[in-house]
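Chemist: Structure provided below as structure tokens; questions to follow.
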Amino acid sequence: MAKKGILLVNLGTPDSPSAADVKRYLDEFLMDPRVIDINPIARTLLVRGIITPFRSPKSAKLYQAIWDPKTGSPLLHYSLLQQKGLQERLGDEYMVELAMRYQKPSIESALERLKASLVEDIQVIPMFPQYASASTGSVYEKIMGLVGKWPTSPNISFINSFHDNELMIETFADNALKYNPETYDHVLFSFHGLPQRQLVKADHTHNHCLKSSTCCETLTDANRFCYSAQSHHTAKLIAEKLNIPKEKYTICFQSRLGNDPWVQPYTSEIVAKLAAEGKKRLLVFCPAFVADCLETIYEVTTEYGDEFKALGGEHVQLVESLNDSPKFIEALAGMVK
């Protein structure tokens, strides 16, 4: 019998922490029209004329700080372990491939391997728990653009999101328990940010998004495709699993770029606010990421940690991501089955 193909797709990582490789990665990433959704000419001038020439050397130093001499990029390292773990869990009836939306291993090469193996169908799992056009949507578009050129193609299906997957929620909660969450002054659920205009575009009703300050707090039919609403739902489920009261945690968004308004509140502003209130110890989840990477290891632990201490705080503790947790591998297997 023909095998069933599984394609795991994460965002991407530079081939090395050199400035040249970081620039190549940022060029491909930021030139994606779903990531910076503005006029193509303006995007080219902005990305290749301003952002990557100046940002690449700075970002390279950050990647160098997290790059392991043996395993290299943390994101790629954990993604490969996830691929291996899922393959072992599913067995020989399946062929599990890994790809990155940007850089290597490429989506095109992974699809070609699946095609050469004559799989009977392909199930794509974008490794983003919450749906966003700039992440999951970009993966859809890239894959369909490539497969659409094949003379024949197998059935292809996609996992839209898994923001409420029970085993994923349990894995984040399990990872937090070792730090005794009740001993921290406050808990942050820090998600990767998006421009607000991208949230508005995802509002199929054209009459819900940003119409009130609480439009994302409850997941409904009107906002079920909203990245922010799905993020709020993920955070609430983890908090409920750990019995963290509502007044003791904050949902916020990190990694904003440029001057346009992004999803709020911003993590950096919440960190400053909590320090001003006299909070000393913060526990931080990053549930938009399934593997630890620059945004978790460096941005939260080092950048926010240093900012918090400079303002009078004492400690910022990152809750590790899902990485190669057996329970998360089981969650992936459940999505396949």
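By convention here, the chains of the structure tokens are called A, B, ... in the order presented, each chain's residues are numbered starting at 1, and ligands are numbered starting at 1 in the order presented.
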Can you list, as a count of residues only, every residue of segment 198-323 of chain A that DSSP puts in helix (DSSP H, G or I)?
Modeler: 50
Chemist: Would you please work out which residue, of A:Gly12, A:Pro57, A:Pro17, A:Pro129, is nearest to Leu332 of chain A when using only C-alpha atoms?
Modeler: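 Of A:Gly12, A:Pro57, A:Pro17, A:Pro129, the one nearest Leu332 of chain A, counting only C-alpha atoms, is A:Pro129.
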Chemist: Env of Met168 of chain A: 10 Å cut, atoms = only C-alpha atoms, seq-sep filter 6 positions within chain, self excluded. Answer as a list in words.
Modeler: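 Using only C-alpha atoms, the neighbours found are Pro129, Phe162, Asp174, Thr234, Ile238, Pro287, Val290, Leu322, Ser325, Lys327, Phe328, Ile329, Glu330, Ala331 and Leu332 of chain A.
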Chemist: Using N, CA, C and O atoms, can you export the residues from the last selection as a compact mmCIF listing (two decimals), in the first residue's frame?
Modeler:
# COMPACT_ATOMS: atom_id res chain seq x y z
N PRO A 129 0.21 27.18 16.19
CA PRO A 129 -1.05 26.84 16.85
C PRO A 129 -2.21 27.75 16.49
O PRO A 129 -3.34 27.30 16.35
N PHE A 162 -4.43 24.70 15.73
CA PHE A 162 -4.64 23.77 16.84
C PHE A 162 -4.50 24.51 18.16
O PHE A 162 -3.92 24.02 19.12
N ASP A 174 2.45 21.39 31.81
CA ASP A 174 3.46 20.51 32.41
C ASP A 174 4.81 21.22 32.49
O ASP A 174 5.52 21.11 33.50
N THR A 234 -6.09 30.27 23.69
CA THR A 234 -5.00 29.39 24.12
C THR A 234 -4.54 29.76 25.53
O THR A 234 -4.38 28.89 26.39
N ILE A 238 -4.62 27.42 29.07
CA ILE A 238 -3.43 27.09 29.87
C ILE A 238 -3.62 27.60 31.30
O ILE A 238 -3.32 26.89 32.27
N PRO A 287 3.07 30.86 23.74
CA PRO A 287 2.31 29.75 23.14
C PRO A 287 2.06 29.88 21.65
O PRO A 287 1.31 29.07 21.09
N VAL A 290 5.98 26.49 18.74
CA VAL A 290 6.02 25.09 19.14
C VAL A 290 7.45 24.63 19.41
O VAL A 290 7.66 23.50 19.85
N LEU A 322 7.13 23.67 23.36
CA LEU A 322 6.72 22.27 23.25
C LEU A 322 7.90 21.38 22.87
O LEU A 322 7.99 20.23 23.31
N SER A 325 8.68 17.30 23.34
CA SER A 325 7.89 16.65 24.39
C SER A 325 7.09 15.48 23.82
O SER A 325 6.40 15.63 22.80
N LYS A 327 4.39 14.27 24.81
CA LYS A 327 2.97 14.59 24.80
C LYS A 327 2.61 15.43 23.57
O LYS A 327 1.52 15.27 22.98
N PHE A 328 3.51 16.33 23.16
CA PHE A 328 3.25 17.11 21.95
C PHE A 328 3.34 16.23 20.70
O PHE A 328 2.56 16.41 19.76
N ILE A 329 4.28 15.30 20.69
CA ILE A 329 4.36 14.35 19.55
C ILE A 329 3.05 13.57 19.46
O ILE A 329 2.53 13.34 18.37
N GLU A 330 2.50 13.21 20.61
CA GLU A 330 1.21 12.51 20.64
C GLU A 330 0.11 13.43 20.10
O GLU A 330 -0.82 12.97 19.41
N ALA A 331 0.19 14.71 20.41
CA ALA A 331 -0.79 15.67 19.88
C ALA A 331 -0.72 15.72 18.36
O ALA A 331 -1.76 15.72 17.67
N LEU A 332 0.47 15.76 17.81
CA LEU A 332 0.64 15.78 16.35
C LEU A 332 0.07 14.49 15.73
O LEU A 332 -0.60 14.53 14.70
Chemist: Please identify the strand (DSSP E or B) residues within segment 69-308 of chain A (assignment by DSSP from backbone atoms) and present them as a PyMOL selection string.
Modeler: chain A and resi 72+94-102+106+121-126+155-158+186-192+195+249-254+262+266+281-285
Chemist: Quick one: everything within 7 Å of Ile159 of chain A, counting only C-alpha atoms, minus sequence neighbours fewer than 4 positions away in the same chain. Send it as a PyMOL selection string.
Modeler: chain A and resi 124-126
Chemist: Could you tell me how far atom CA of Ile107 of chain A sits from atom CA of Pro154 of chain A, in Å to one decimal place?
Modeler: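 Computed distance, atom CA of Pro154 of chain A to atom CA of Ile107 of chain A, equals 16.0 Å.
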Chemist: Quick one: pull the distance between atom CA of Lys279 of chain A and atom CA of Asp306 of chain A, Å, one decimal.
Modeler: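 Separation between atom CA of Lys279 of chain A and atom CA of Asp306 of chain A: 14.5 Å.
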Chemist: At a cut-off of 7 Å, using only C-alpha atoms, what residues contact segment 202-209 of chain A? Leave out same-chain residues fewer than 2 positions from it and give the result as a short mmCIF file (atom, residue, chain, number, x, y, z; two decimals) with all heavy atoms, in the first residue's frame.
Modeler:
data_model
loop_
_atom_site.label_atom_id
_atom_site.label_comp_id
_atom_site.auth_asym_id
_atom_site.auth_seq_id
_atom_site.Cartn_x
_atom_site.Cartn_y
_atom_site.Cartn_z
N GLN A 198 -3.86 43.41 9.68
CA GLN A 198 -4.02 42.02 9.28
C GLN A 198 -5.14 41.34 10.05
O GLN A 198 -5.80 40.44 9.54
CB GLN A 198 -2.69 41.27 9.46
CG GLN A 198 -1.61 41.76 8.51
CD GLN A 198 -0.35 40.90 8.53
OE1 GLN A 198 -0.33 39.82 9.10
NE2 GLN A 198 0.70 41.38 7.90
N LEU A 199 -5.37 41.78 11.28
CA LEU A 199 -6.53 41.27 12.02
C LEU A 199 -7.83 41.72 11.34
O LEU A 199 -8.78 40.94 11.21
CB LEU A 199 -6.51 41.77 13.46
CG LEU A 199 -5.36 41.33 14.37
CD1 LEU A 199 -5.64 41.81 15.79
CD2 LEU A 199 -5.17 39.83 14.35
N VAL A 200 -7.86 42.98 10.94
CA VAL A 200 -9.06 43.53 10.30
C VAL A 200 -9.36 42.78 9.01
O VAL A 200 -10.52 42.45 8.70
CB VAL A 200 -8.88 45.04 10.03
CG1 VAL A 200 -10.06 45.58 9.23
CG2 VAL A 200 -8.73 45.80 11.34
N LYS A 211 -13.70 46.63 17.05
CA LYS A 211 -14.87 47.47 17.29
C LYS A 211 -15.09 47.71 18.78
O LYS A 211 -15.86 48.59 19.16
CB LYS A 211 -16.13 46.83 16.68
CG LYS A 211 -16.07 46.68 15.17
CD LYS A 211 -15.91 48.02 14.46
CE LYS A 211 -15.93 47.84 12.95
NZ LYS A 211 -15.73 49.12 12.23
N CYS A 215 -13.06 42.66 21.92
CA CYS A 215 -13.53 41.86 20.78
C CYS A 215 -12.81 40.52 20.65
O CYS A 215 -13.33 39.59 20.03
CB CYS A 215 -13.39 42.66 19.48
SG CYS A 215 -11.69 43.10 19.05
N ALA A 222 -17.82 34.90 14.87
CA ALA A 222 -17.39 36.13 14.20
C ALA A 222 -15.87 36.27 14.16
O ALA A 222 -15.33 36.87 13.22
CB ALA A 222 -18.00 37.35 14.90
N ASN A 223 -15.18 35.73 15.16
CA ASN A 223 -13.73 35.93 15.19
C ASN A 223 -12.94 34.62 15.23
O ASN A 223 -11.79 34.58 15.64
CB ASN A 223 -13.33 36.79 16.40
CG ASN A 223 -13.65 36.14 17.73
OD1 ASN A 223 -14.00 34.97 17.80
ND2 ASN A 223 -13.55 36.91 18.81
N PHE A 225 -11.46 32.95 13.05
CA PHE A 225 -10.24 32.94 12.26
C PHE A 225 -9.25 34.01 12.72
O PHE A 225 -8.21 34.21 12.09
CB PHE A 225 -10.56 33.16 10.77
CG PHE A 225 -11.37 32.05 10.17
CD1 PHE A 225 -12.68 32.29 9.76
CD2 PHE A 225 -10.86 30.77 10.02
CE1 PHE A 225 -13.45 31.27 9.21
CE2 PHE A 225 -11.61 29.75 9.47
CZ PHE A 225 -12.91 29.99 9.06
N CYS A 226 -9.58 34.71 13.79
CA CYS A 226 -8.75 35.81 14.26
C CYS A 226 -7.57 35.30 15.07
O CYS A 226 -7.74 34.57 16.05
CB CYS A 226 -9.59 36.77 15.11
SG CYS A 226 -8.63 38.07 15.92
#
Chemist: Pick the closest to Tyr102 of chain A from A:Val47, A:Ile122, A:Leu167, A:Leu26: which is it, counting only C-alpha atoms?
Modeler: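 The answer is A:Leu26, which sits nearest to Tyr102 of chain A.
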Chemist: Which polymer residues have any atom within 8 Å of an atom of Tyr184 of chain A, counting only C-alpha atoms, with same-chain residues fewer than 4 positions away left out, as a PyMOL selection string?
Modeler: chain A and resi 180+281-283
Chemist: Extract, using only C-alpha atoms, all DNA, RNA and protein residues at most 10 Å from Leu80 of chain A, discarding same-chain residues fewer than 3 positions from it, and format them as a short mmCIF file (atom, residue, chain, number, x, y, z; two decimals) with N, CA and C atoms, in the first residue's frame.
Modeler:
data_model
loop_
_atom_site.label_atom_id
_atom_site.label_comp_id
_atom_site.auth_asym_id
_atom_site.auth_seq_id
_atom_site.Cartn_x
_atom_site.Cartn_y
_atom_site.Cartn_z
N LEU A 8 5.35 18.64 7.93
CA LEU A 8 5.41 19.63 9.01
C LEU A 8 6.12 20.87 8.46
N PRO A 74 18.32 26.45 17.24
CA PRO A 74 17.37 25.74 18.12
C PRO A 74 16.07 25.38 17.42
N LEU A 75 15.56 26.29 16.58
CA LEU A 75 14.30 26.02 15.89
C LEU A 75 14.43 24.81 14.97
N LEU A 76 15.51 24.75 14.19
CA LEU A 76 15.70 23.62 13.30
C LEU A 76 15.97 22.34 14.10
N HIS A 77 16.76 22.45 15.14
CA HIS A 77 17.08 21.29 15.98
C HIS A 77 15.81 20.65 16.54
N GLN A 83 9.98 15.97 13.85
CA GLN A 83 9.80 15.11 12.68
C GLN A 83 10.14 13.66 13.00
N LYS A 84 11.29 13.46 13.64
CA LYS A 84 11.72 12.11 13.99
C LYS A 84 10.74 11.44 14.95
N GLY A 85 10.31 12.20 15.96
CA GLY A 85 9.39 11.64 16.95
C GLY A 85 8.07 11.26 16.33
N LEU A 86 7.54 12.10 15.43
CA LEU A 86 6.26 11.80 14.80
C LEU A 86 6.39 10.60 13.85
N GLU A 97 7.80 14.39 6.52
CA GLU A 97 8.82 15.32 6.03
C GLU A 97 8.73 16.64 6.80
N LEU A 98 9.85 17.34 6.85
CA LEU A 98 9.93 18.65 7.50
C LEU A 98 10.34 19.70 6.49
N ALA A 99 9.72 20.87 6.58
CA ALA A 99 10.11 21.99 5.72
C ALA A 99 10.01 23.29 6.50
N ASN A 323 8.76 21.87 22.01
CA ASN A 323 9.99 21.19 21.61
C ASN A 323 9.71 19.73 21.27
N ASP A 324 10.46 18.78 21.84
CA ASP A 324 10.27 17.37 21.50
C ASP A 324 9.53 16.61 22.60
#
Chemist: Please, which residues in segment 137-210 of chain A fall within 12 Å of segment 291-303 of chain A when counting only C-alpha atoms, and what is the closest atom pair and distance in Å to one decimal for each, ordered by chain then residue number, as a tab-separated table?
Modeler:
residue	atom	partner	partner_atom	distance
A:Phe172	CA	A:Ala291	CA	11.4
A:Leu188	CA	A:Val300	CA	10.5
A:Phe189	CA	A:Val300	CA	11.1
A:Ser190	CA	A:Val300	CA	8.8
A:Phe191	CA	A:Glu295	CA	9.7
A:His192	CA	A:Glu295	CA	8.1
A:Gly193	CA	A:Glu295	CA	11.0
